[in-house]
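Working notes for the structure below.
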Amino acid sequence: MNEKKDALYLECYSGISGDMVTAALLDLGADEAVLRKALASLPLDGFSINISRVKKAGLDACDFNVVLDAEHENHDHDMAYLYGGVEECGHTHDVHEHNHDEHDHHHDEDGHAHRHGHCCHDHEAEHCHDHEHVHEHTHGHHHHVHRGLAEVLDILNKADLTDRARATAVRIFTILGQAEAKAHGATLETVHFHEVGAVDSIVDITAAAVCLDNLGIEDVIVPVLYEGTGSIRCAHGVLPIPVPAVVNIAAAEHLNLHITGAKGEYVTPTGAAIAAAVRTSDQLPAEFTVSKIGLGAGKREQELPGLVRAMLIRPAGSEYAAQDVIYKLESNIDDTTGEALGYVMERLLAAGARDVQYSPVYMKKNRPAYLLTVLCLEEDIPALEEIIFAETTTIGIRRVRMERSTLKRHIYTIPTSLGDVEVKMCLVPHCNGNEVFEDVEERCYPEYESIKAICKRTGRSYQDVTRQVLRELAENKED
């Protein structure tokens with residue numbers, strides 16, 4: 001019996017950023033030597049890596065810090081710049097005015113150059129340009145590089161990364177690029193980044209991808225991202241929190257956001273993009289065990305501590321059954337024709353409903369009617385309710401959240417003497433009372449559409465075709 005892998009649960013109750021995720025994964029056991037080797041292979045200059053232990057809210061946590069040289073330094077954690085002149089994060093800061101042309105940079109008193117425009121504490125993307133080339137701005141010794149997605153992907157392709165780590169990093173950058181393009185009225189091909197294309201952003205995203213790959217994580221659960229309120233200074237001025245890139249990512253990738261009463265930014269575009277790129281579920285098992293915990297620290301000192309907690313978890317219960325959540329929509333309908341109800345069922349199934357049923361019922365005053373029942377995922381509820389209201393005469397829909405257990409299943413296309421047949425296969429453990437044995441039963445269920453197609457082509461009955469397909473499947477399994 002194959003060993004069951006743990007799922008990664010990212011708890012983001014005080015935000016998420018690229019450095020926080022990487023730190024949490026390192027604390028979880030990702031190999032630091034593997035990470036350093038991968039980051040050293042990036043064709044980039046001007047940075048070093050510092051990994052240490054810090055205290056956050058009295059808790060011991062891992063800190064992953066991308067240390068930039070003077071040429072690439074930025075205002076990533078400069079609270080006075082980010083929140084200058086406004087009461088955010090529980091502090092009031094003086095406004096810093098810098099007017100060295102439209103590219104928003106300055107030189108501090110010791111002559112070091114700093115890049116402005118960071119809305120986020122893991123090097124984010126609220127400054128982009130819609131150009132057809134990479135360009136640089138040099139004032140004294142300060143160097144601005146605006147990279148497009150193609151240039152960033154070229155850097156990733158030249159690095160010594162595993163295929164899986166590279167694919168994860170590419171997906172993160174693509175999600176970020178799409179969010180930035182939408183925010184600035186550009187396209188994914190033409191948008192050019194300032195902060196996202198900067199050295200520290202590339203390092204942060206690559207580091208998170210490498211650590212996930214090194215841990216062998218396949219399933220990632222991200223239920224919700226907690227964000228603050230207020231406004232924050234970026235390259236384009238003062239923006240509302242959540243910043244546009246975060247909102248665009250949440251909308252496009254169906255991330256769940258929870259707005260807290262805390263002042264300040266806690267969810268960064270890079271953090272949101274990482275969550276969107278690696279998440280496989282937003283539902284925790286009803287019960288689970290925790291095998292390991294990692295705690296990653298952010299850099300800012302704000303009202304909330306800025307911690308991401310990463311946990312390797314395993315659902316309690318059956319090795320072969322998965323637990324998740326499904327919603328039931330119900331409505332009593334007494335004055336819609338049978339033809340209309342048939343059409344409604346077709347539309348609901350096409351729109352993502354998992355199942356649609358009609359049951360005869362008697363309503364008040366002994367009126368015969370139908371109970372419409374729709375099973376669906378949470379994200380499909382708005383579209384399905386719109387169809388029900390538009391296509392039936394109902395004026396109300398009941399909604400019930402239900403937990404369920406489902407056998408894990410796979411769909412295969414199997415060759416038979418009658419042609420290819422799609423077959424659903426489920427593994428069911430053998431049990432005797434409370435004792436579960438390691439050997440399993442493999443159950444096969446030929447898919448209806450495949451059997452129907454063979455029936456139409458051969459003229460044979462449905463039962464006859466089904467029996468022959470099952471017989472051949474059993475013979476092939478014995479061989």
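Identifiers in this document derive from the order of the structure tokens: chains are assigned A, B, ..., residues are numbered from 1 separately in each chain, and ligands are numbered from 1 in order of occurrence.
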Find the residues near Val67 in chain A: any atom within 9 Å, counting only C-alpha atoms, skip ones fewer than 5 places away on the same chain, and give them as a VMD selection string.
chain A and resid 46 to 50 73 200
Within 10 Å of range 172-176 of chain A, which residues of range 231-250 of chain A show up? Give each one with its shortest atom-to-atom distance in Å (one decimal) and the two atoms involved, counting only C-alpha atoms, rows by chain then rising residue number, as JSON lines.
{"residue": "A:Ala245", "atom": "CA", "partner": "A:Leu176", "partner_atom": "CA", "distance": 7.5}
{"residue": "A:Val246", "atom": "CA", "partner": "A:Leu176", "partner_atom": "CA", "distance": 8.9}
{"residue": "A:Asn248", "atom": "CA", "partner": "A:Leu176", "partner_atom": "CA", "distance": 9.1}
{"residue": "A:Ile249", "atom": "CA", "partner": "A:Ile175", "partner_atom": "CA", "distance": 7.0}
What are the closest atom pairs, with distances in Å to one decimal, for all residues of range 255-332 of chain A lying within 10 Å of range 379-382 of chain A? Consider only C-alpha atoms, order rows by chain and residue number, and present the result as CSV.
residue,atom,partner,partner_atom,distance
A:Tyr327,CA,A:Ile381,CA,8.1
A:Lys328,CA,A:Ile381,CA,9.3
A:Leu329,CA,A:Ile381,CA,8.2
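If only C-alpha atoms are the atoms counted, then among A:Val170, A:Val308, A:Val325, A:Ala150 the closest residue to Leu375 in chain A is A:Val325.
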